[in-house]
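> What follows is entry22.txt, made up of compact mmCIF, C-alpha atoms (C1' of nucleotides):
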```
# COMPACT_ATOMS: atom_id res chain seq x y z
CA MET A 1 -8.32 29.28 -13.11
CA THR A 2 -5.01 28.65 -11.36
CA VAL A 3 -3.52 31.89 -10.20
CA GLY A 4 -0.11 30.65 -11.18
CA THR A 5 1.79 31.13 -8.00
CA THR A 6 4.74 28.81 -7.63
CA ARG A 7 3.04 26.97 -4.83
CA GLU A 8 -0.02 26.23 -6.92
CA LEU A 9 2.14 25.22 -9.84
CA ILE A 10 3.93 22.69 -7.66
CA ALA A 11 0.67 21.42 -6.20
CA ALA A 12 -0.92 20.88 -9.60
CA GLU A 13 2.06 18.97 -10.95
CA ALA A 14 2.42 16.93 -7.77
CA ARG A 15 -1.24 15.92 -7.82
CA ARG A 16 -0.91 14.82 -11.43
CA GLN A 17 2.10 12.63 -10.72
CA PHE A 18 0.92 11.19 -7.40
CA MET A 19 -2.39 10.17 -9.00
CA ALA A 20 -0.76 8.71 -12.10
CA GLN A 21 2.24 6.95 -10.56
CA GLY A 22 1.59 6.68 -6.84
CA TYR A 23 3.58 7.94 -3.89
CA ALA A 24 6.72 5.82 -4.13
CA ALA A 25 7.26 6.27 -7.86
CA THR A 26 6.84 10.04 -7.66
CA SER A 27 9.95 11.99 -6.73
CA VAL A 28 10.26 15.52 -5.46
CA ARG A 29 12.90 16.03 -8.11
CA GLY A 30 10.57 14.79 -10.84
CA VAL A 31 7.78 17.12 -9.75
CA ALA A 32 10.18 20.05 -9.62
CA GLY A 33 11.59 19.21 -13.04
CA ALA A 34 8.14 19.03 -14.67
CA ALA A 35 7.21 22.30 -13.01
CA GLY A 36 10.45 23.90 -14.19
CA ILE A 37 11.65 24.87 -10.74
CA ASP A 38 14.25 23.76 -8.24
CA PRO A 39 13.67 20.66 -6.04
CA ALA A 40 14.56 22.55 -2.91
CA LEU A 41 11.64 24.88 -3.57
CA VAL A 42 9.19 22.01 -3.26
CA ILE A 43 10.45 21.20 0.23
CA ARG A 44 10.57 24.89 1.13
CA HIS A 45 6.90 25.29 0.21
CA PHE A 46 5.47 22.03 1.56
CA GLY A 47 7.93 20.84 4.18
CA SER A 48 8.31 17.27 3.00
CA LYS A 49 7.25 14.83 0.31
CA GLU A 50 4.66 13.39 2.70
CA GLN A 51 3.11 16.77 3.43
CA LEU A 52 3.06 17.52 -0.28
CA PHE A 53 1.09 14.32 -0.81
CA LEU A 54 -1.35 15.10 2.00
CA ALA A 55 -1.93 18.59 0.63
CA THR A 56 -2.56 17.51 -2.94
CA VAL A 57 -4.25 14.08 -2.84
CA ASP A 58 -7.58 13.37 -1.16
CA VAL A 59 -10.75 11.44 -1.91
CA GLU A 60 -13.90 13.47 -2.27
CA GLY A 61 -16.35 10.68 -1.46
CA PRO A 62 -19.10 11.36 -4.00
CA PHE A 63 -21.66 9.34 -2.05
CA ALA A 64 -24.17 12.11 -1.34
CA PRO A 65 -26.51 11.27 -4.24
CA ALA A 66 -26.82 7.66 -3.09
CA LEU A 67 -27.32 8.65 0.54
CA ALA A 68 -29.99 11.21 -0.27
CA GLY A 69 -32.65 8.79 -1.53
CA PRO A 70 -34.63 6.14 0.33
CA LEU A 71 -32.93 3.30 2.23
CA THR A 72 -34.51 0.87 -0.20
CA GLY A 73 -32.03 0.36 -3.00
CA MET A 74 -29.36 2.45 -1.29
CA GLY A 75 -26.90 -0.46 -1.25
CA GLU A 76 -27.19 -0.87 -4.96
CA ARG A 77 -26.88 2.88 -5.55
CA LEU A 78 -23.72 3.05 -3.43
CA VAL A 79 -22.14 0.20 -5.34
CA ALA A 80 -23.12 1.81 -8.64
CA LEU A 81 -21.24 4.96 -7.64
CA VAL A 82 -18.11 2.92 -6.90
CA LEU A 83 -18.43 1.25 -10.30
CA ASP A 84 -19.01 4.53 -12.15
CA GLU A 85 -15.81 5.22 -14.03
CA ARG A 86 -16.72 8.85 -14.52
CA LEU A 87 -16.05 9.29 -10.81
CA SER A 88 -12.58 7.72 -10.99
CA GLY A 89 -10.83 11.05 -10.63
CA VAL A 90 -12.44 11.84 -7.30
CA LEU A 91 -12.72 8.35 -5.83
CA ARG A 92 -10.85 5.45 -7.40
CA THR A 93 -7.59 7.13 -8.32
CA PRO A 94 -6.98 9.04 -5.08
CA TYR A 95 -8.19 6.01 -3.11
CA ARG A 96 -5.58 3.83 -4.76
CA ALA A 97 -2.80 6.36 -4.22
CA MET A 98 -3.73 6.82 -0.58
CA ILE A 99 -4.13 3.13 0.31
CA ARG A 100 -0.72 2.41 -1.14
CA ALA A 101 0.72 5.22 0.97
CA THR A 102 -0.81 4.07 4.26
CA ASP A 103 2.61 3.36 5.70
CA SER A 104 2.15 6.96 6.81
CA ALA A 105 -0.16 7.37 9.79
CA ALA A 106 -1.14 10.82 8.55
CA VAL A 107 -2.30 9.36 5.23
CA ARG A 108 -4.31 6.68 7.04
CA GLU A 109 -6.02 9.30 9.16
CA GLN A 110 -6.81 11.56 6.22
CA LEU A 111 -8.37 8.68 4.29
CA VAL A 112 -10.36 7.40 7.27
CA ALA A 113 -11.57 10.95 7.93
CA ALA A 114 -12.67 11.41 4.32
CA MET A 115 -14.61 8.14 4.22
CA GLU A 116 -16.16 8.85 7.60
CA ALA A 117 -17.21 12.39 6.73
CA THR A 118 -18.69 11.52 3.33
CA LEU A 119 -20.04 8.03 3.97
CA ALA A 120 -20.11 6.58 7.49
CA ARG A 121 -21.31 9.61 9.43
CA PRO A 122 -24.15 10.76 7.16
CA LEU A 123 -25.19 7.13 6.75
CA ALA A 124 -25.28 6.48 10.50
CA GLU A 125 -27.81 9.30 10.85
CA ARG A 126 -30.07 7.60 8.37
CA LEU A 127 -30.04 4.16 9.98
CA ASP A 128 -32.65 2.82 12.39
CA GLY A 129 -32.21 0.12 14.99
CA PRO A 130 -29.31 -0.88 17.22
CA ASP A 131 -25.62 -0.46 16.39
CA ALA A 132 -26.38 2.19 13.76
CA GLU A 133 -22.91 3.69 13.96
CA LEU A 134 -21.10 0.36 13.76
CA ARG A 135 -23.30 -0.78 10.88
CA ALA A 136 -22.52 2.42 8.99
CA HIS A 137 -18.79 1.86 9.43
CA LEU A 138 -19.15 -1.74 8.30
CA VAL A 139 -20.88 -0.48 5.16
CA ALA A 140 -17.86 1.75 4.62
CA ALA A 141 -15.66 -1.34 5.05
CA GLN A 142 -17.69 -3.13 2.38
CA VAL A 143 -17.35 -0.18 0.02
CA GLY A 144 -13.61 -0.17 0.74
CA GLY A 145 -13.46 -3.88 -0.02
CA LEU A 146 -15.04 -3.40 -3.41
CA LEU A 147 -12.71 -0.51 -4.17
CA GLU A 148 -9.78 -2.64 -3.09
CA ALA A 149 -10.74 -5.53 -5.37
CA LEU A 150 -11.33 -3.13 -8.27
CA VAL A 151 -8.49 -0.64 -8.12
CA ILE A 152 -5.91 -1.86 -5.61
CA LEU A 153 -5.74 -5.56 -6.41
CA GLU A 154 -7.33 -5.28 -9.87
CA ASP A 155 -8.83 -8.74 -9.34
CA PRO A 156 -9.88 -9.83 -12.86
CA ALA A 157 -12.87 -11.72 -11.49
CA VAL A 158 -14.32 -8.42 -10.27
CA VAL A 159 -12.87 -6.00 -12.83
CA ASP A 160 -14.20 -8.01 -15.77
CA ALA A 161 -17.52 -8.89 -14.15
CA ASP A 162 -20.80 -7.50 -15.42
CA ALA A 163 -21.29 -4.22 -13.57
CA ALA A 164 -25.03 -4.66 -13.25
CA ALA A 165 -24.57 -8.09 -11.63
CA VAL A 166 -22.01 -6.70 -9.19
CA ALA A 167 -24.31 -3.82 -8.29
CA ARG A 168 -27.23 -6.18 -7.71
CA LEU A 169 -25.34 -8.84 -5.71
CA TYR A 170 -22.95 -6.66 -3.70
CA GLY A 171 -25.66 -4.02 -3.30
CA ALA A 172 -27.92 -6.61 -1.69
CA ALA A 173 -25.14 -7.55 0.73
CA VAL A 174 -24.65 -3.88 1.63
CA SER A 175 -28.39 -3.49 2.16
CA THR A 176 -28.25 -6.22 4.81
CA LEU A 177 -26.49 -3.72 7.05
CA LEU A 178 -28.84 -0.87 6.18
CA THR A 179 -31.95 -2.54 7.55
CA PRO A 180 -32.15 -3.25 11.30
CA PRO A 181 -30.98 -6.78 12.12
CA SER A 182 -33.90 -9.17 12.58
CA GLY A 183 -34.06 -10.75 16.03
CA MET B 184 14.80 -26.21 12.20
CA THR B 185 16.52 -23.71 9.89
CA VAL B 186 19.48 -25.34 8.23
CA GLY B 187 21.39 -22.13 8.56
CA THR B 188 22.42 -21.55 4.99
CA THR B 189 23.09 -17.93 4.18
CA ARG B 190 20.07 -17.82 1.90
CA GLU B 191 17.76 -19.00 4.66
CA LEU B 192 19.36 -16.61 7.11
CA ILE B 193 18.66 -13.70 4.77
CA ALA B 194 15.10 -14.91 4.15
CA ALA B 195 14.30 -15.21 7.85
CA GLU B 196 15.62 -11.76 8.65
CA ALA B 197 13.91 -10.20 5.63
CA ARG B 198 10.57 -11.74 6.56
CA ARG B 199 10.92 -10.40 10.07
CA GLN B 200 11.62 -6.86 8.91
CA PHE B 201 9.10 -6.76 6.06
CA MET B 202 6.34 -7.95 8.40
CA ALA B 203 7.30 -5.55 11.19
CA GLN B 204 8.09 -2.41 9.19
CA GLY B 205 6.63 -2.91 5.73
CA TYR B 206 8.26 -2.84 2.32
CA ALA B 207 9.33 0.78 2.04
CA ALA B 208 10.83 1.07 5.53
CA THR B 209 12.83 -2.12 5.12
CA SER B 210 16.18 -1.71 3.40
CA VAL B 211 18.37 -4.33 1.78
CA ARG B 212 21.23 -2.86 3.76
CA GLY B 213 19.31 -3.16 7.01
CA VAL B 214 18.47 -6.81 6.38
CA ALA B 215 22.08 -7.54 5.49
CA GLY B 216 23.35 -5.73 8.58
CA ALA B 217 21.02 -7.63 10.93
CA ALA B 218 22.05 -10.88 9.27
CA GLY B 219 25.70 -9.94 9.59
CA ILE B 220 26.47 -10.21 5.91
CA ASP B 221 27.16 -7.90 2.97
CA PRO B 222 24.27 -6.10 1.20
CA ALA B 223 25.45 -7.26 -2.20
CA LEU B 224 24.96 -10.83 -1.07
CA VAL B 225 21.24 -10.23 -0.63
CA ILE B 226 20.97 -9.16 -4.26
CA ARG B 227 23.17 -12.05 -5.32
CA HIS B 228 20.81 -14.54 -3.70
CA PHE B 229 17.43 -12.99 -4.47
CA GLY B 230 17.95 -10.73 -7.48
CA SER B 231 16.24 -7.61 -6.13
CA LYS B 232 14.46 -6.21 -3.10
CA GLU B 233 11.11 -6.88 -4.78
CA GLN B 234 11.93 -10.54 -5.42
CA LEU B 235 13.17 -10.86 -1.84
CA PHE B 236 9.79 -9.59 -0.66
CA LEU B 237 7.86 -11.95 -2.93
CA ALA B 238 9.93 -14.90 -1.73
CA THR B 239 9.54 -14.19 1.97
CA VAL B 240 6.10 -12.62 2.49
CA ASP B 241 2.81 -14.31 1.63
CA VAL B 242 -0.61 -14.74 3.19
CA GLU B 243 -1.60 -18.28 4.07
CA GLY B 244 -5.35 -17.74 4.02
CA PRO B 245 -6.43 -19.80 7.04
CA PHE B 246 -10.04 -20.03 5.84
CA ALA B 247 -10.30 -23.80 5.48
CA PRO B 248 -11.96 -24.41 8.87
CA ALA B 249 -14.70 -21.90 8.10
CA LEU B 250 -15.24 -23.26 4.60
CA ALA B 251 -15.44 -26.86 5.77
CA GLY B 252 -18.66 -26.58 7.75
CA PRO B 253 -22.23 -25.94 6.57
CA LEU B 254 -23.17 -22.83 4.60
CA THR B 255 -25.35 -21.77 7.49
CA GLY B 256 -23.21 -19.60 9.71
CA MET B 257 -20.27 -19.65 7.30
CA GLY B 258 -20.32 -15.86 6.96
CA GLU B 259 -19.98 -15.42 10.68
CA ARG B 260 -17.26 -18.08 10.88
CA LEU B 261 -15.25 -16.38 8.13
CA VAL B 262 -15.47 -13.03 9.88
CA ALA B 263 -14.46 -14.63 13.17
CA LEU B 264 -11.28 -15.94 11.54
CA VAL B 265 -10.41 -12.46 10.31
CA LEU B 266 -10.96 -11.10 13.81
CA ASP B 267 -8.92 -13.86 15.48
CA GLU B 268 -5.69 -12.20 16.56
CA ARG B 269 -3.96 -15.55 16.96
CA LEU B 270 -4.00 -15.76 13.16
CA SER B 271 -2.37 -12.34 12.72
CA GLY B 272 0.94 -13.82 11.71
CA VAL B 273 -0.47 -15.72 8.75
CA LEU B 274 -3.19 -13.31 7.67
CA ARG B 275 -3.30 -9.77 9.02
CA THR B 276 0.39 -8.95 9.09
CA PRO B 277 1.36 -10.28 5.65
CA TYR B 278 -1.89 -8.86 4.24
CA ARG B 279 -0.97 -5.40 5.44
CA ALA B 280 2.58 -5.64 4.13
CA MET B 281 1.40 -6.86 0.74
CA ILE B 282 -1.43 -4.35 0.25
CA ARG B 283 0.96 -1.50 0.98
CA ALA B 284 3.38 -2.93 -1.60
CA THR B 285 0.79 -3.28 -4.38
CA ASP B 286 2.57 -0.69 -6.45
CA SER B 287 4.27 -3.83 -7.72
CA ALA B 288 2.16 -5.83 -10.17
CA ALA B 289 3.88 -9.02 -9.01
CA VAL B 290 2.82 -8.37 -5.41
CA ARG B 291 -0.77 -7.71 -6.54
CA GLU B 292 -0.84 -10.97 -8.44
CA GLN B 293 0.63 -12.98 -5.58
CA LEU B 294 -1.94 -11.61 -3.14
CA VAL B 295 -4.86 -12.12 -5.52
CA ALA B 296 -3.67 -15.67 -6.17
CA ALA B 297 -3.41 -16.44 -2.46
CA MET B 298 -6.90 -15.13 -1.69
CA GLU B 299 -8.33 -16.92 -4.69
CA ALA B 300 -6.69 -20.24 -3.89
CA THR B 301 -7.60 -20.25 -0.21
CA LEU B 302 -10.96 -18.46 -0.26
CA ALA B 303 -12.68 -17.66 -3.56
CA ARG B 304 -12.09 -20.93 -5.43
CA PRO B 305 -12.98 -23.41 -2.69
CA LEU B 306 -15.96 -21.23 -1.78
CA ALA B 307 -17.24 -21.09 -5.36
CA GLU B 308 -17.43 -24.88 -5.39
CA ARG B 309 -19.64 -24.82 -2.34
CA LEU B 310 -22.14 -22.27 -3.64
CA ASP B 311 -25.44 -23.09 -5.32
CA GLY B 312 -27.39 -20.93 -7.73
CA PRO B 313 -26.34 -18.51 -10.47
CA ASP B 314 -23.15 -16.43 -10.48
CA ALA B 315 -21.48 -18.74 -7.96
CA GLU B 316 -17.99 -17.72 -9.00
CA LEU B 317 -18.72 -13.98 -8.97
CA ARG B 318 -20.45 -14.27 -5.60
CA ALA B 319 -17.43 -16.11 -4.16
CA HIS B 320 -15.11 -13.34 -5.35
CA LEU B 321 -17.42 -10.70 -3.90
CA VAL B 322 -17.22 -12.52 -0.56
CA ALA B 323 -13.45 -12.29 -0.89
CA ALA B 324 -13.87 -8.55 -1.53
CA GLN B 325 -15.93 -8.25 1.66
CA VAL B 326 -13.29 -10.12 3.64
CA GLY B 327 -10.67 -7.82 2.13
CA GLY B 328 -12.75 -4.80 3.13
CA LEU B 329 -12.87 -5.91 6.74
CA LEU B 330 -9.13 -6.60 6.75
CA GLU B 331 -8.55 -3.18 5.23
CA ALA B 332 -10.59 -1.40 7.89
CA LEU B 333 -8.89 -3.38 10.65
CA VAL B 334 -5.24 -3.53 9.69
CA ILE B 335 -4.63 -1.15 6.77
CA LEU B 336 -6.68 1.86 7.81
CA GLU B 337 -6.94 0.94 11.50
CA ASP B 338 -10.36 2.59 11.59
CA PRO B 339 -11.06 3.04 15.32
CA ALA B 340 -14.79 2.51 14.79
CA VAL B 341 -14.04 -1.05 13.65
CA VAL B 342 -10.87 -1.80 15.64
CA ASP B 343 -12.50 -0.86 18.93
CA ALA B 344 -15.88 -2.41 18.15
CA ASP B 345 -17.17 -5.46 20.00
CA ALA B 346 -15.84 -8.44 18.04
CA ALA B 347 -18.98 -10.48 18.57
CA ALA B 348 -21.14 -7.68 17.17
CA VAL B 349 -18.90 -7.32 14.12
CA ALA B 350 -18.99 -11.07 13.53
CA ARG B 351 -22.77 -11.15 13.77
CA LEU B 352 -23.47 -8.07 11.63
CA TYR B 353 -20.76 -8.38 8.99
CA GLY B 354 -21.19 -12.16 8.97
CA ALA B 355 -24.86 -11.73 8.09
CA ALA B 356 -23.91 -9.43 5.22
CA VAL B 357 -21.43 -12.01 3.94
CA SER B 358 -24.07 -14.71 4.20
CA THR B 359 -26.25 -12.74 1.81
CA LEU B 360 -23.85 -13.73 -0.95
CA LEU B 361 -23.61 -17.35 0.18
CA THR B 362 -27.28 -18.13 -0.34
CA PRO B 363 -28.67 -17.99 -3.89
CA PRO B 364 -30.23 -14.58 -4.65
CA SER B 365 -33.97 -14.63 -4.24
CA GLY B 366 -35.97 -13.65 -7.31
C1' DG C 367 31.41 -20.87 -5.68
C1' DT C 368 30.78 -17.60 -1.65
C1' DC C 369 31.40 -13.63 -0.08
C1' DT C 370 33.45 -8.65 0.49
C1' DA C 371 34.76 -4.11 -1.03
C1' DT C 372 33.83 -0.52 -3.69
C1' DA C 373 31.37 2.45 -6.62
C1' DC C 374 27.54 4.36 -9.49
C1' DT C 375 23.10 6.64 -9.67
C1' DG C 376 19.22 8.70 -7.66
C1' DC C 377 16.64 9.84 -3.59
C1' DG C 378 14.77 13.34 0.34
C1' DA C 379 16.35 16.91 2.84
C1' DT C 380 19.39 20.90 4.72
C1' DA C 381 22.41 25.11 4.89
C1' DG C 382 23.53 29.09 3.22
C1' DA C 383 24.65 32.27 -0.71
C1' DC C 384 22.28 35.59 -3.93
C1' DG D 385 12.14 33.73 -2.65
C1' DT D 386 15.01 31.18 -5.28
C1' DC D 387 19.08 28.47 -6.46
C1' DT D 388 23.80 25.98 -5.40
C1' DA D 389 26.09 22.74 -3.04
C1' DT D 390 26.07 19.04 -0.27
C1' DC D 391 24.83 15.34 3.14
C1' DG D 392 23.42 10.71 4.18
C1' DC D 393 20.97 6.79 2.57
C1' DA D 394 18.84 3.94 -0.83
C1' DG D 395 19.12 -0.18 -4.57
C1' DT D 396 22.16 -2.45 -7.23
C1' DA D 397 26.24 -3.88 -10.44
C1' DT D 398 30.89 -5.29 -10.76
C1' DA D 399 35.60 -6.84 -9.56
C1' DG D 400 38.10 -9.63 -7.22
C1' DA D 401 39.50 -11.89 -2.57
C1' DC D 402 39.06 -16.35 -0.13
```
Show how you would write the structure in this file as structure tokens.

Amino acid sequence: MTVGTTRELIAAEARRQFMAQGYAATSVRGVAGAAGIDPALVIRHFGSKEQLFLATVDVEGPFAPALAGPLTGMGERLVALVLDERLSGVLRTPYRAMIRATDSAAVREQLVAAMEATLARPLAERLDGPDAELRAHLVAAQVGGLLEALVILEDPAVVDADAAAVARLYGAAVSTLLTPPSG
Amino acid sequence: MTVGTTRELIAAEARRQFMAQGYAATSVRGVAGAAGIDPALVIRHFGSKEQLFLATVDVEGPFAPALAGPLTGMGERLVALVLDERLSGVLRTPYRAMIRATDSAAVREQLVAAMEATLARPLAERLDGPDAELRAHLVAAQVGGLLEALVILEDPAVVDADAAAVARLYGAAVSTLLTPPSG
DNA sequence: GTCTATACTGCGATAGAC
DNA sequence: GTCTATCGCAGTATAGAC
């Protein structure tokens, strides 16, 4: 389906390497070599290594299915999506690459924008009660925390835990923010 | 209080730069220059840039005060510690530097160990009911999520939010995992 | 035994020739 | 458009000066 222009060839190879090895371990020269072209071409087409990363790596935030249903059980459904390894390619892997590249302000902003557009903003519209917007962003922080433990820190206590138990327990904690605070 | 040995001089300057600029933007040559010594000496003393980082940057996990009191309100107290800017130097700043250096497995392990020793393990001993250990680690994931939103991603919706509201709302969500699950 | 000088390899990026 | 040559900087190893 790729048209095969040089630019798209570079982008495809760069995405592969950034996702597999991260930002620091991926070199412009390595991408160019694997694509069979000259390193200077990569810079010519994308401007810099950072811009190449921004253009090729992004999270897609596959939260829509969980947000579509009723508020009841939504916390558990959100957590289940994070735990679903079939979604790694669109969530876990780019999330890891981007978090580890947040030295760059542009990467930070792109990741915050993606999580806001796919999670915090649509969620805020669903919430009742005071502080709906803040609560939605705090849910996003919780989701980020679980992703961090799973794929950034690879904390064995979470990675090796029973997924159903994590979904139940962490999902309940997320749900606390979905229902209006009592009092 | 520093004895002034070359090794300690290097360590102090390295810590300063790693905390202020992060791992990638700090160079062995820059540390050596600021310390007024030769770059090769840094390697001589610490082996590599990565080992220099591991030896000089660590989070201290100042959670003990929050963990000491009653379970009631502990969630809010933990969140308040994360939000306390006076603790930045021992928590936020090293946390940011370490998360952004988690390409290194050794950095991952050192950060996980610090959070486990100062938060998850002492907390697990305080918790009643089933899955105490998993729940304690999920609390650590929540704390990590808040730190991530605040200091890694610098999400304006959280950074600019009223601290008291964050403590109340996020603290309540943390507390969900502190009390034994109902049912 | 500390420390300096030097050098090797690889990086991102630029200038300019085809 | 694409490649060649090159610049300046990085981490690090080694040799040898004090």
> If we count all atoms listed in the file, which residues of chain D reach to within 9 Å of chain A? Please list them as number ranges by chain.
D: 385-387
> Please provide the set of residues having any atom within 10 Å of Leu134 (chain A), restricted to all atoms listed in the file, with same-chain residues fewer than 2 positions apart removed, written as a PyMOL selection string.
(chain A and resi 120+124+130-132+136-140+177) or (chain B and resi 340-341+344-345+348-349+352-353)
> Using all atoms listed in the file, find all polymer residues with an atom at most 10 Å away from the point (-25.9, -10.7, 7.7); report them as a ChimeraX atom specification.
/A:173-177,181-182 /B:256,258-259,350-360
> Residues of chain C within 8 Å of chain A, using all atoms listed in the file, as a list in words?
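Residues satisfying the distance criterion: DC377, DG378 and DA379 of chain C.
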> Choose the residue, out of A:Thr26, A:Thr72, A:Thr102, A:Ser88, that has the smallest atom-to-atom separation from chain B; count only C-alpha atoms.
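Of A:Thr26, A:Thr72, A:Thr102, A:Ser88, the one nearest chain B is A:Thr102, counting only C-alpha atoms.
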> Which one of B:Arg260, B:Arg190, B:Arg275, B:Arg318 sits closest to chain A if you count all atoms listed in the file?
B:Arg318
> Can you list every residue of chain A that has an atom at most 6 Å from chain B, with its nearest atom pair and the distance in Å to one decimal, using all atoms listed in the file, ordered by chain then number, as a tab-separated table?

```
residue	atom	partner	partner_atom	distance
A:Arg100	CA	B:Arg283	CA	4.8
A:Arg108	CA	B:Leu336	CA	5.4
A:Ala141	CA	B:Gly328	CA	4.9
A:Gln142	CA	B:Gly328	CA	5.3
A:Gly144	CA	B:Gly328	CA	5.3
A:Gly145	CA	B:Gly328	CA	3.4
A:Leu146	CA	B:Ala324	CA	5.6
A:Ala149	CA	B:Ala324	CA	5.8
A:Leu153	CA	B:Arg291	CA	5.4
A:Ala173	CA	B:Ala356	CA	5.0
A:Thr176	CA	B:Ala356	CA	5.4
```
> Just give me the gap between CA of Gly89 (chain A) and CA of Phe63 (chain A) in Å, one decimal is fine.
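Going from CA of Gly89 (chain A) over to CA of Phe63 (chain A), I get 13.9 Å.
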> Taking 3 positions as the minimum chain separation for residues in the same chain, which residues sit within 10 Å of DA401 (chain D) when counting all atoms listed in the file? Answer as a list in words.
DC369, DT370 and DA371 of chain C
> Would you work out the distance separating CA of Arg304 (chain B) from CA of Leu266 (chain B), expressed in Å to one decimal?
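That distance, rounded to one decimal, is 21.6 Å.
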> One number please: CA of Leu9 (chain A) to CA of Tyr95 (chain A), in Å, one decimal.
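Taking CA of Leu9 (chain A) and CA of Tyr95 (chain A), their separation equals 22.8 Å.
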